[in-house]
$ cat final.txt   # compact mmCIF, C-alpha atoms
# COMPACT_ATOMS: atom_id res chain seq x y z
CA MET A 1 29.43 -14.74 51.64
CA GLN A 2 28.03 -16.51 48.58
CA SER A 3 30.48 -18.94 47.00
CA PHE A 4 31.88 -18.12 43.53
CA ASP A 5 30.25 -20.18 40.76
CA LEU A 6 32.16 -20.32 37.47
CA PHE A 7 29.12 -21.28 35.40
CA HIS A 8 27.02 -18.42 36.77
CA PHE A 9 29.89 -16.04 36.06
CA TYR A 10 30.09 -17.37 32.49
CA ARG A 11 26.37 -16.85 32.05
CA PHE A 12 26.55 -13.30 33.36
CA LEU A 13 29.55 -12.48 31.15
CA LEU A 14 27.83 -13.93 28.09
CA THR A 15 24.69 -11.85 28.77
CA VAL A 16 26.71 -8.66 29.14
CA LEU A 17 28.79 -9.27 26.02
CA VAL A 18 25.84 -10.21 23.82
CA THR A 19 23.80 -7.23 25.03
CA VAL A 20 26.63 -4.77 24.43
CA TYR A 21 27.40 -6.25 20.99
CA GLY A 22 23.73 -6.20 19.98
CA SER A 23 23.29 -2.60 21.18
CA ILE A 24 26.36 -1.39 19.27
CA ARG A 25 25.26 -3.13 16.06
CA LEU A 26 21.72 -1.74 16.36
CA THR A 27 22.98 1.79 17.03
CA LEU A 28 25.31 1.63 14.03
CA PHE A 29 22.49 0.33 11.83
CA ILE A 30 20.15 3.14 12.89
CA TRP A 31 22.94 5.70 12.53
CA ARG A 32 23.72 4.61 8.97
CA TRP A 33 20.07 4.60 7.91
CA GLN A 34 19.49 7.98 9.52
CA GLY A 35 22.36 9.38 7.47
CA PHE A 36 21.07 7.74 4.31
CA ALA A 37 17.50 8.92 4.83
CA GLY A 38 18.61 12.44 5.78
CA ARG A 39 19.80 13.20 2.24
CA THR A 40 17.14 15.21 0.51
CA GLN A 41 18.70 15.58 -2.92
CA GLY A 42 19.92 13.53 -5.82
CA GLY A 43 19.92 9.82 -6.48
CA ALA A 44 20.35 8.80 -2.84
CA MET A 45 16.93 10.20 -1.95
CA LEU A 46 15.35 8.48 -4.93
CA LEU A 47 17.06 5.24 -3.96
CA TYR A 48 15.85 5.59 -0.37
CA ARG A 49 12.27 6.11 -1.51
CA TYR A 50 12.48 3.15 -3.83
CA PHE A 51 13.96 1.04 -1.06
CA VAL A 52 11.13 1.93 1.33
CA VAL A 53 8.56 1.02 -1.33
CA LEU A 54 10.42 -2.21 -2.11
CA LEU A 55 10.37 -3.21 1.55
CA LEU A 56 6.71 -2.33 1.93
CA ARG A 57 5.87 -4.46 -1.07
CA ALA A 58 7.28 -7.56 0.66
CA ARG A 59 4.60 -10.21 1.13
CA PHE A 60 4.79 -11.53 4.66
CA ARG A 61 2.75 -14.58 3.75
CA ARG A 62 5.84 -15.92 1.98
CA PHE A 63 7.72 -15.95 5.28
CA LEU A 64 4.82 -17.20 7.36
CA PHE A 65 6.45 -20.56 8.08
CA GLU A 66 9.73 -18.99 9.20
CA LEU A 67 7.91 -16.41 11.31
CA CYS A 68 5.78 -19.10 12.98
CA THR A 69 8.91 -21.17 13.70
CA ILE A 70 10.63 -18.14 15.23
CA GLY A 71 7.52 -17.41 17.31
CA GLY A 72 7.43 -21.00 18.61
CA LEU A 73 11.15 -21.00 19.41
CA ALA A 74 10.86 -17.66 21.18
CA ALA A 75 7.98 -19.03 23.29
CA VAL A 76 10.10 -22.06 24.25
CA LEU A 77 12.98 -19.75 25.19
CA VAL A 78 10.73 -17.59 27.38
CA LEU A 79 9.40 -20.71 29.12
CA LEU A 80 12.93 -21.96 29.76
CA ILE A 81 13.99 -18.59 31.16
CA LEU A 82 10.93 -18.53 33.43
CA TRP A 83 11.76 -22.03 34.57
CA HIS A 84 15.02 -20.74 36.04
CA TRP A 85 13.04 -18.79 38.69
CA ARG A 86 10.78 -21.63 39.68
CA MET B 1 -10.73 0.23 -25.35
CA GLY B 2 -11.61 3.13 -27.60
CA GLU B 3 -14.65 3.86 -29.72
CA SER B 4 -13.12 1.98 -32.64
CA SER B 5 -13.54 -1.32 -30.78
CA LYS B 6 -17.31 -0.92 -30.66
CA PRO B 7 -18.98 -3.68 -32.65
CA PRO B 8 -22.22 -2.86 -34.45
CA SER B 9 -25.27 -3.84 -32.45
CA SER B 10 -26.52 -6.22 -35.12
CA SER B 11 -23.26 -8.22 -35.14
CA LEU B 12 -23.07 -8.42 -31.35
CA SER B 13 -24.70 -11.82 -31.30
CA ASP B 14 -22.19 -13.11 -33.90
CA LEU B 15 -19.18 -12.33 -31.75
CA PRO B 16 -17.19 -15.25 -30.31
CA PRO B 17 -17.54 -15.67 -26.52
CA ASP B 18 -14.06 -14.38 -25.60
CA VAL B 19 -14.47 -11.22 -27.71
CA LEU B 20 -17.91 -10.69 -26.24
CA GLU B 21 -16.48 -11.04 -22.75
CA ALA B 22 -13.66 -8.59 -23.55
CA TYR B 23 -16.15 -6.11 -25.00
CA GLY B 24 -18.30 -6.43 -21.88
CA ARG B 25 -15.21 -5.76 -19.77
CA ASP B 26 -14.48 -2.65 -21.85
CA LEU B 27 -17.95 -1.43 -20.99
CA GLY B 28 -17.23 -1.92 -17.30
CA LEU B 29 -19.15 -5.17 -16.91
CA SER B 30 -17.76 -8.21 -15.15
CA ILE B 31 -18.95 -11.13 -17.23
CA GLU B 32 -17.94 -14.55 -15.99
CA PRO B 33 -16.47 -16.83 -18.69
CA ALA B 34 -18.95 -19.52 -17.63
CA ALA B 35 -21.95 -17.17 -17.93
CA PRO B 36 -24.53 -18.18 -20.56
CA ARG B 37 -24.22 -16.33 -23.84
CA GLY B 38 -27.75 -14.99 -23.67
CA GLU B 39 -27.10 -13.50 -20.26
CA ALA B 40 -23.89 -11.80 -21.47
CA LEU B 41 -25.70 -10.38 -24.53
CA ARG B 42 -28.57 -9.10 -22.40
CA ARG B 43 -26.22 -7.33 -19.99
CA ILE B 44 -24.17 -5.76 -22.79
CA ARG B 45 -27.31 -4.48 -24.53
CA GLU B 46 -28.60 -3.08 -21.26
CA ARG B 47 -25.30 -1.32 -20.73
CA GLN B 48 -25.39 0.11 -24.27
CA GLU B 49 -28.90 1.42 -23.66
CA LEU B 50 -27.80 2.93 -20.36
CA LEU B 51 -24.85 4.64 -22.05
CA LEU B 52 -27.21 6.23 -24.58
CA GLU B 53 -29.15 7.75 -21.70
CA LEU B 54 -26.14 8.98 -19.73
CA ASP B 55 -24.83 12.50 -20.05
CA ARG B 56 -21.21 12.58 -21.27
CA ASP B 57 -20.38 15.70 -19.25
CA ALA B 58 -21.58 13.94 -16.11
CA MET B 59 -19.27 11.06 -16.96
CA LEU B 60 -16.39 13.50 -17.40
CA ASP B 61 -17.22 14.88 -13.93
CA VAL B 62 -16.61 11.42 -12.46
CA VAL B 63 -13.38 10.99 -14.41
CA LYS B 64 -12.08 14.36 -13.20
CA TRP B 65 -13.11 13.61 -9.62
CA ALA B 66 -11.43 10.18 -9.68
CA ARG B 67 -8.44 11.70 -11.53
CA ILE B 68 -8.45 9.06 -14.25
CA PRO B 69 -6.15 10.04 -17.14
CA VAL B 70 -8.30 10.23 -20.29
CA ARG B 71 -8.56 12.48 -23.33
CA ARG B 72 -11.29 15.09 -23.40
CA SER B 73 -12.57 13.46 -26.59
CA ALA B 74 -12.87 9.97 -25.00
CA GLY B 75 -16.07 8.17 -25.91
CA LYS B 76 -18.83 7.12 -23.55
CA GLU B 77 -17.84 3.45 -23.69
CA GLN B 78 -14.25 4.20 -22.75
CA LEU B 79 -15.40 6.47 -19.93
CA ALA B 80 -17.83 3.80 -18.70
CA GLY B 81 -15.02 1.24 -18.58
CA HIS B 82 -12.94 3.56 -16.45
CA ILE B 83 -15.80 4.67 -14.19
CA ALA B 84 -16.86 1.09 -13.48
CA GLY B 85 -13.38 0.49 -12.03
CA VAL B 86 -13.67 3.35 -9.53
CA THR B 87 -13.75 1.98 -5.99
CA GLN B 88 -13.63 5.22 -4.00
CA VAL B 89 -16.42 5.67 -1.48
CA ARG B 90 -15.63 9.19 -0.30
CA PHE B 91 -17.62 11.34 -2.66
CA ASP B 92 -16.40 14.82 -1.67
CA GLY B 93 -15.97 17.00 -4.73
CA LEU B 94 -18.17 14.87 -7.00
CA SER B 95 -21.13 16.65 -8.60
CA ASP B 96 -24.68 15.33 -8.14
CA ARG B 97 -24.98 14.31 -11.78
CA GLY B 98 -21.57 12.58 -11.53
CA LEU B 99 -22.71 10.67 -8.46
CA HIS B 100 -25.85 9.59 -10.32
CA VAL B 101 -23.77 8.30 -13.24
CA LEU B 102 -21.35 6.55 -10.89
CA ALA B 103 -24.22 4.77 -9.13
CA LEU B 104 -25.86 3.64 -12.38
CA LEU B 105 -22.59 2.31 -13.81
CA HIS B 106 -22.00 0.37 -10.60
CA GLY B 107 -25.41 -1.22 -10.90
CA VAL B 108 -26.84 0.73 -7.97
CA ASP B 109 -30.42 1.88 -8.21
CA ALA B 110 -30.46 5.69 -8.49
CA ARG B 111 -33.32 7.80 -9.77
CA GLY B 112 -33.06 11.45 -10.70
CA ASP B 113 -35.03 12.61 -7.67
CA ASP B 114 -33.19 10.46 -5.12
CA PRO B 115 -31.36 12.54 -2.50
CA ARG B 116 -27.56 12.55 -2.67
CA GLU B 117 -27.15 11.02 0.79
CA LEU B 118 -29.30 8.03 -0.16
CA ILE B 119 -27.27 7.32 -3.31
CA GLU B 120 -24.01 7.65 -1.36
CA LYS B 121 -25.36 5.25 1.27
CA ARG B 122 -26.33 2.68 -1.38
CA LEU B 123 -22.92 2.94 -3.01
CA ARG B 124 -21.18 2.47 0.33
CA ARG B 125 -23.38 -0.51 1.17
CA ARG B 126 -22.03 -2.31 -1.90
CA GLU B 127 -18.66 -2.47 -0.18
CA GLY B 128 -18.29 -5.47 2.13
CA VAL B 129 -16.95 -5.42 5.68
CA TRP B 130 -13.58 -6.84 4.71
CA SER B 131 -13.16 -4.35 1.88
CA ARG B 132 -13.95 -1.55 4.35
CA ILE B 133 -11.35 -2.83 6.81
CA LYS B 134 -8.81 -3.27 4.01
CA ARG B 135 -9.49 0.26 2.77
CA GLY B 136 -9.04 1.66 6.30
CA ARG B 137 -5.73 -0.16 6.62
CA ARG B 138 -4.58 1.11 3.25
CA ARG B 139 -5.59 4.66 4.14
CA VAL B 140 -3.39 4.57 7.25
CA VAL B 141 -0.46 3.01 5.39
CA GLY B 142 -0.97 5.39 2.45
CA ALA B 143 -0.97 8.46 4.69
CA TRP B 144 2.24 7.33 6.36
CA LEU B 145 3.87 6.36 3.09
CA ALA B 146 2.92 9.65 1.45
CA LYS B 147 4.55 11.47 4.35
CA VAL B 148 7.73 9.40 4.04
CA ILE B 149 7.98 9.46 0.26
CA GLU B 150 6.22 12.52 -1.07
CA GLY B 151 6.18 14.96 1.83
CA THR B 152 3.16 17.24 2.03
CA HIS B 153 1.90 18.87 -1.16
CA ALA B 154 -1.54 19.65 -2.43
CA ASP B 155 -2.97 17.87 -5.50
CA GLY B 156 -2.96 20.01 -8.64
CA ASP B 157 -5.93 20.57 -10.93
CA TYR B 158 -7.04 17.71 -13.12
CA ARG B 159 -5.77 17.84 -16.70
CA PHE B 160 -6.95 15.73 -19.62
CA LEU B 161 -4.44 13.79 -21.70
CA PRO B 162 -3.32 15.64 -24.87
CA GLU B 163 -5.45 14.92 -27.93
CA ASP B 164 -4.09 12.80 -30.77
CA ASP B 165 -4.14 15.25 -33.73
CA SER B 166 -2.21 13.05 -36.17
CA ALA B 167 -5.46 11.94 -37.79
CA GLN B 168 -6.21 15.38 -39.24
CA SER B 169 -7.13 14.94 -42.90
CA LEU B 170 -5.00 16.24 -45.81
CA THR B 171 -7.97 18.21 -47.13
CA LYS B 172 -8.27 20.05 -43.84
CA SER B 173 -4.50 20.72 -43.73
CA ILE B 174 -4.47 22.09 -47.30
CA GLU B 175 -7.57 24.11 -46.56
CA GLN B 176 -5.88 25.70 -43.58
CA GLU B 177 -2.30 26.12 -44.80
CA GLY B 178 -2.33 25.90 -48.64
CA VAL B 179 -1.04 23.07 -50.88
CA VAL B 180 2.67 23.17 -49.99
CA GLY B 181 2.09 24.04 -46.35
CA GLY B 182 -0.62 21.40 -46.06
CA ILE B 183 1.50 18.65 -47.63
CA ALA B 184 4.51 19.72 -45.52
CA HIS B 185 2.30 19.64 -42.45
CA LYS B 186 1.05 16.20 -43.36
CA LEU B 187 4.61 14.93 -43.97
CA ARG B 188 5.77 16.49 -40.73
CA GLY B 189 2.82 14.86 -39.02
CA ALA B 190 3.78 11.47 -40.52
CA ALA B 191 7.40 11.95 -39.43
CA ASP B 192 6.26 13.03 -35.97
CA HIS B 193 4.00 10.02 -35.81
CA TYR B 194 6.89 7.74 -36.79
CA VAL B 195 9.20 9.30 -34.19
CA LYS B 196 6.45 9.08 -31.58
CA GLN B 197 5.89 5.43 -32.41
CA LYS B 198 9.62 4.71 -32.13
CA LEU B 199 9.82 6.60 -28.85
CA ASP B 200 6.88 4.58 -27.56
CA GLU B 201 8.69 1.38 -28.54
CA ILE B 202 11.84 2.54 -26.74
CA GLU B 203 9.77 3.47 -23.72
CA ILE B 204 8.14 0.05 -23.68
CA ARG B 205 11.58 -1.59 -23.87
CA ILE B 206 12.87 0.58 -21.02
CA ASP B 207 9.76 -0.21 -18.96
CA ARG B 208 10.28 -3.92 -19.57
CA LYS B 209 13.91 -3.64 -18.49
CA LEU B 210 12.92 -1.68 -15.38
CA ASP B 211 10.32 -4.32 -14.53
CA GLU B 212 13.00 -6.97 -14.89
CA ILE B 213 15.33 -5.07 -12.54
CA ASP B 214 12.46 -4.56 -10.13
CA ASN B 215 11.66 -8.28 -10.12
CA ARG B 216 15.31 -9.15 -9.49
CA LEU B 217 15.48 -6.69 -6.63
CA ALA B 218 12.29 -8.16 -5.19
CA GLU B 219 13.86 -11.64 -5.36
CA TRP B 220 17.00 -10.29 -3.67
CA ARG B 221 14.84 -8.67 -0.97
CA ASP B 222 13.00 -11.93 -0.29
CA GLN B 223 16.28 -13.83 -0.13
CA GLU B 224 17.75 -11.23 2.22
CA ILE B 225 14.71 -11.37 4.53
CA ARG B 226 14.89 -15.17 4.50
CA ASN B 227 18.60 -15.06 5.46
CA ARG B 228 17.93 -12.61 8.29
CA LEU B 229 15.13 -14.79 9.61
CA ARG B 230 17.43 -17.81 9.47
CA ILE B 231 20.03 -15.92 11.52
CA VAL B 232 17.36 -15.00 14.08
CA LYS B 233 16.27 -18.65 14.21
CA ILE B 234 19.83 -19.89 14.76
CA THR B 235 20.37 -17.28 17.50
CA ILE B 236 17.22 -18.35 19.33
CA ILE B 237 18.15 -22.03 19.02
CA ALA B 238 21.61 -21.25 20.47
CA ALA B 239 19.96 -19.35 23.32
CA ILE B 240 17.64 -22.32 23.96
CA VAL B 241 20.62 -24.70 24.09
CA VAL B 242 22.42 -22.42 26.57
CA ALA B 243 19.23 -22.14 28.66
CA LEU B 244 18.87 -25.96 28.67
CA VAL B 245 22.50 -26.42 29.72
CA SER B 246 21.99 -23.82 32.42
CA LEU B 247 18.82 -25.57 33.64
CA GLY B 248 20.61 -28.92 33.68
CA TYR B 249 23.49 -27.41 35.60
CA ASP B 250 21.14 -25.83 38.16
CA TYR B 251 19.29 -29.14 38.53
CA LEU B 252 22.46 -31.17 39.03
CA LYS B 253 23.87 -28.61 41.45
CA GLY B 254 20.65 -28.51 43.46
CA ARG B 255 20.52 -32.31 43.59
CA HIS B 256 24.12 -32.50 44.66
CA GLU B 257 23.51 -29.99 47.45
CA LEU B 258 20.37 -31.89 48.52
CA VAL B 259 22.28 -35.16 48.69
CA ALA B 260 25.11 -33.52 50.58
CA ARG B 261 22.66 -31.98 53.06
CA SER B 262 20.57 -35.14 53.62
CA SER B 263 23.44 -37.59 54.04
CA PRO B 264 24.72 -37.63 57.63
CA PRO B 265 28.25 -36.45 58.10
CA VAL B 266 30.67 -39.28 58.41
CA ALA B 267 31.46 -39.28 62.09
CA SER B 268 34.95 -40.27 62.99
CA ALA B 269 34.20 -42.22 66.17
CA PRO B 270 37.01 -42.39 68.65
CA GLY B 271 38.61 -45.74 68.59
CA ALA B 272 37.04 -46.71 65.29
CA ASP B 273 40.37 -47.04 63.70
CA SER B 274 41.56 -49.15 66.57
CA ALA B 275 38.87 -51.81 66.09
CA PRO B 276 40.22 -55.27 65.70
$ encode --input "final.txt" --output "structure tokens"
Amino acid sequence: MQSFDLFHFYRFLLTVLVTVYGSIRLTLFIWRWQGFAGRTQGGAMLLYRYFVVLLLRARFRRFLFELCTIGGLAAVLVLLILWHWR
Amino acid sequence: MGESSKPPSSSLSDLPPDVLEAYGRDLGLSIEPAAPRGEALRRIRERQELLLELDRDAMLDVVKWARIPVRRSAGKEQLAGHIAGVTQVRFDGLSDRGLHVLALLHGVDARGDDPRELIEKRLRRREGVWSRIKRGRRRVVGAWLAKVIEGTHADGDYRFLPEDDSAQSLTKSIEQEGVVGGIAHKLRGAADHYVKQKLDEIEIRIDRKLDEIDNRLAEWRDQEIRNRLRIVKITIIAAIVVALVSLGYDYLKGRHELVARSSPPVASAPGADSAP
């Protein structure tokens, strides 16, 4: 029988908690937006349309540095995770 | 950009460079500020000569096809300015004479007896590769956006802008409606004109305010995106730190096990304790 490792258990628990938390937040976000977008009358619909246009008008070149940094960090994270199986 | 802005041909050469450039732009020409004056004058005169040759109805065909909002009474110069800004390269629904006018105003060689396909090909060739790719991308985004925002509905028929009838002369009004009626009509027209002017001013103020709100919302959007990206960055950094700690732990544990396995077990020899 494999011996109990506290650190491995902590890692496993952290993964489960973060995944569950992230999934719940994402589901709630989608649920709220679905409800908002589903309204076909009145100011809410107008606001939704304006919001979509406002988001589409965002210039991604302004966030290029941040996006590149996130890309680099994500690559480092993937490498570190892969290293665990070496 | 109306007919009233047209300078007489004789005084064209007396115009200051910036006015000349603006007039060229009104005619649909792109004159560089650094271009020599003679060159700008030559191009403007050529354009004026071309406009004399062009059929106004053919120009209106292009305007209707491109759905540019103009009055039916718009002059050739105004129409030329609008037509020169048309960048569409799908010519479905455009008459042959309209296509001919469009080509000439875009500086593309088109003779009366040239087949339609050839003129279309020449017009399309003017568009570079990058513009074509950009247009394709915009078409896809536009189709999706139209579905999200507008839903599906067919385009209505083209309609000209309403004519400005405030300039009708007093003589004509009196001739049509009598002295009292004519003067009343003229006064009503002046009052209407005043109200219209005031409404335009209010509209401009509202537009300015809306633009201001729009700019603030755009700033808020950028700030919000930046904050979200910062949160993502912090999360990834935290994950990297945890992964590093985990790697270090695995390394130390593996090393410890290796050392424990390689070192011989401490044998408790009989009688060792009883050594002198």
$ atom_distance --input "final.txt" --atom1 "CA of Leu82 (chain A)" --atom2 "CA of Ile70 (chain A)"
18.2 Å
$ interface_residues --input "final.txt" --of "chain B" --to "chain A" --cutoff "8 Å" --atoms "only C-alpha atoms" --output "compact mmCIF listing (two decimals) with C-alpha atoms, keeping the file's coordinate frame"
# COMPACT_ATOMS: atom_id res chain seq x y z
CA VAL B 148 7.73 9.40 4.04
CA ILE B 149 7.98 9.46 0.26
CA ALA B 218 12.29 -8.16 -5.19
CA ARG B 221 14.84 -8.67 -0.97
CA ASP B 222 13.00 -11.93 -0.29
CA ARG B 226 14.89 -15.17 4.50
CA LEU B 229 15.13 -14.79 9.61
CA ARG B 230 17.43 -17.81 9.47
CA VAL B 232 17.36 -15.00 14.08
CA LYS B 233 16.27 -18.65 14.21
CA ILE B 236 17.22 -18.35 19.33
CA ILE B 237 18.15 -22.03 19.02
CA ALA B 239 19.96 -19.35 23.32
CA ILE B 240 17.64 -22.32 23.96
CA ALA B 243 19.23 -22.14 28.66
CA LEU B 244 18.87 -25.96 28.67
CA LEU B 247 18.82 -25.57 33.64
$ axis_aligned_box --input "final.txt" --around "region 68-84 of chain B" --padding-each-side "3 Å" --output "lines of an AutoDock Vina configuration file"
center_x = -12.5
center_y = 8.1
center_z = -20.0
size_x = 18.7
size_y = 20.0
size_z = 19.1
$ atom_distance --input "final.txt" --atom1 "CA of Arg25 (chain A)" --atom2 "CA of Ile234 (chain B)"
17.7 Å
$ atom_distance --input "final.txt" --atom1 "CA of Arg255 (chain B)" --atom2 "CA of Ser3 (chain A)"
17.0 Å
$ residues_around --input "final.txt" --residues "Val62 (chain B)" --least-positions-apart "5" --cutoff "9 Å" --atoms "all atoms listed in the file" --output "ChimeraX atom specification"
/B:57,67-68,83,94-95,97-99,101-102
$ write_last_selection --input "final.txt" --atoms "C-alpha atoms" --output "CSV table (one decimal), in the frame of the given file"
chain,number,residue,atom,x,y,z
B,57,ASP,CA,-20.4,15.7,-19.2
B,67,ARG,CA,-8.4,11.7,-11.5
B,68,ILE,CA,-8.4,9.1,-14.2
B,83,ILE,CA,-15.8,4.7,-14.2
B,94,LEU,CA,-18.2,14.9,-7.0
B,95,SER,CA,-21.1,16.6,-8.6
B,97,ARG,CA,-25.0,14.3,-11.8
B,98,GLY,CA,-21.6,12.6,-11.5
B,99,LEU,CA,-22.7,10.7,-8.5
B,101,VAL,CA,-23.8,8.3,-13.2
B,102,LEU,CA,-21.4,6.6,-10.9
$ residues_around --input "final.txt" --residues "Pro115 (chain B)" --least-positions-apart "3" --cutoff "12 Å" --atoms "all atoms listed in the file" --output "ChimeraX atom specification"
/B:96-97,99-100,110-112,118-122
$ build_atoms --input "final.txt" --residues "region 85-104 of chain B" --atoms "N, CA and C atoms" --output "PDB file, keeping the file's coordinate frame"
ATOM      1  N   GLY B  85     -14.506   0.954 -12.853  1.00  0.00           N
ATOM      2  CA  GLY B  85     -13.380   0.490 -12.030  1.00  0.00           C
ATOM      3  C   GLY B  85     -13.112   1.368 -10.823  1.00  0.00           C
ATOM      4  N   VAL B  86     -13.883   2.445 -10.669  1.00  0.00           N
ATOM      5  CA  VAL B  86     -13.670   3.350  -9.530  1.00  0.00           C
ATOM      6  C   VAL B  86     -14.180   2.694  -8.260  1.00  0.00           C
ATOM      7  N   THR B  87     -13.321   2.638  -7.239  1.00  0.00           N
ATOM      8  CA  THR B  87     -13.750   1.980  -5.990  1.00  0.00           C
ATOM      9  C   THR B  87     -13.814   2.964  -4.816  1.00  0.00           C
ATOM     10  N   GLN B  88     -13.610   4.242  -5.097  1.00  0.00           N
ATOM     11  CA  GLN B  88     -13.630   5.220  -4.000  1.00  0.00           C
ATOM     12  C   GLN B  88     -15.035   5.315  -3.403  1.00  0.00           C
ATOM     13  N   VAL B  89     -15.096   5.514  -2.103  1.00  0.00           N
ATOM     14  CA  VAL B  89     -16.420   5.670  -1.480  1.00  0.00           C
ATOM     15  C   VAL B  89     -16.514   6.984  -0.690  1.00  0.00           C
ATOM     16  N   ARG B  90     -15.522   7.833  -0.875  1.00  0.00           N
ATOM     17  CA  ARG B  90     -15.630   9.190  -0.300  1.00  0.00           C
ATOM     18  C   ARG B  90     -15.938  10.107  -1.478  1.00  0.00           C
ATOM     19  N   PHE B  91     -17.134  10.668  -1.461  1.00  0.00           N
ATOM     20  CA  PHE B  91     -17.620  11.340  -2.660  1.00  0.00           C
ATOM     21  C   PHE B  91     -17.493  12.869  -2.594  1.00  0.00           C
ATOM     22  N   ASP B  92     -16.604  13.367  -1.739  1.00  0.00           N
ATOM     23  CA  ASP B  92     -16.400  14.820  -1.670  1.00  0.00           C
ATOM     24  C   ASP B  92     -15.876  15.312  -3.011  1.00  0.00           C
ATOM     25  N   GLY B  93     -16.456  16.397  -3.485  1.00  0.00           N
ATOM     26  CA  GLY B  93     -15.970  17.000  -4.730  1.00  0.00           C
ATOM     27  C   GLY B  93     -16.634  16.443  -5.976  1.00  0.00           C
ATOM     28  N   LEU B  94     -17.488  15.438  -5.832  1.00  0.00           N
ATOM     29  CA  LEU B  94     -18.170  14.870  -7.000  1.00  0.00           C
ATOM     30  C   LEU B  94     -19.543  15.536  -7.147  1.00  0.00           C
ATOM     31  N   SER B  95     -19.844  15.974  -8.370  1.00  0.00           N
ATOM     32  CA  SER B  95     -21.130  16.650  -8.600  1.00  0.00           C
ATOM     33  C   SER B  95     -22.292  15.657  -8.458  1.00  0.00           C
ATOM     34  N   ASP B  96     -23.500  16.191  -8.307  1.00  0.00           N
ATOM     35  CA  ASP B  96     -24.680  15.330  -8.140  1.00  0.00           C
ATOM     36  C   ASP B  96     -24.907  14.456  -9.382  1.00  0.00           C
ATOM     37  N   ARG B  97     -24.745  15.086 -10.554  1.00  0.00           N
ATOM     38  CA  ARG B  97     -24.980  14.310 -11.780  1.00  0.00           C
ATOM     39  C   ARG B  97     -23.893  13.224 -11.940  1.00  0.00           C
ATOM     40  N   GLY B  98     -22.671  13.559 -11.492  1.00  0.00           N
ATOM     41  CA  GLY B  98     -21.570  12.580 -11.530  1.00  0.00           C
ATOM     42  C   GLY B  98     -21.871  11.409 -10.612  1.00  0.00           C
ATOM     43  N   LEU B  99     -22.387  11.727  -9.426  1.00  0.00           N
ATOM     44  CA  LEU B  99     -22.710  10.670  -8.460  1.00  0.00           C
ATOM     45  C   LEU B  99     -23.794   9.748  -9.025  1.00  0.00           C
ATOM     46  N   HIS B 100     -24.751  10.358  -9.712  1.00  0.00           N
ATOM     47  CA  HIS B 100     -25.850   9.590 -10.320  1.00  0.00           C
ATOM     48  C   HIS B 100     -25.290   8.626 -11.371  1.00  0.00           C
ATOM     49  N   VAL B 101     -24.388   9.138 -12.202  1.00  0.00           N
ATOM     50  CA  VAL B 101     -23.770   8.300 -13.240  1.00  0.00           C
ATOM     51  C   VAL B 101     -22.951   7.176 -12.601  1.00  0.00           C
ATOM     52  N   LEU B 102     -22.189   7.542 -11.571  1.00  0.00           N
ATOM     53  CA  LEU B 102     -21.350   6.550 -10.890  1.00  0.00           C
ATOM     54  C   LEU B 102     -22.206   5.405 -10.330  1.00  0.00           C
ATOM     55  N   ALA B 103     -23.330   5.785  -9.716  1.00  0.00           N
ATOM     56  CA  ALA B 103     -24.220   4.770  -9.130  1.00  0.00           C
ATOM     57  C   ALA B 103     -24.777   3.852 -10.213  1.00  0.00           C
ATOM     58  N   LEU B 104     -25.245   4.458 -11.309  1.00  0.00           N
ATOM     59  CA  LEU B 104     -25.860   3.640 -12.380  1.00  0.00           C
ATOM     60  C   LEU B 104     -24.843   2.688 -13.002  1.00  0.00           C
TER      61      LEU B 104
END
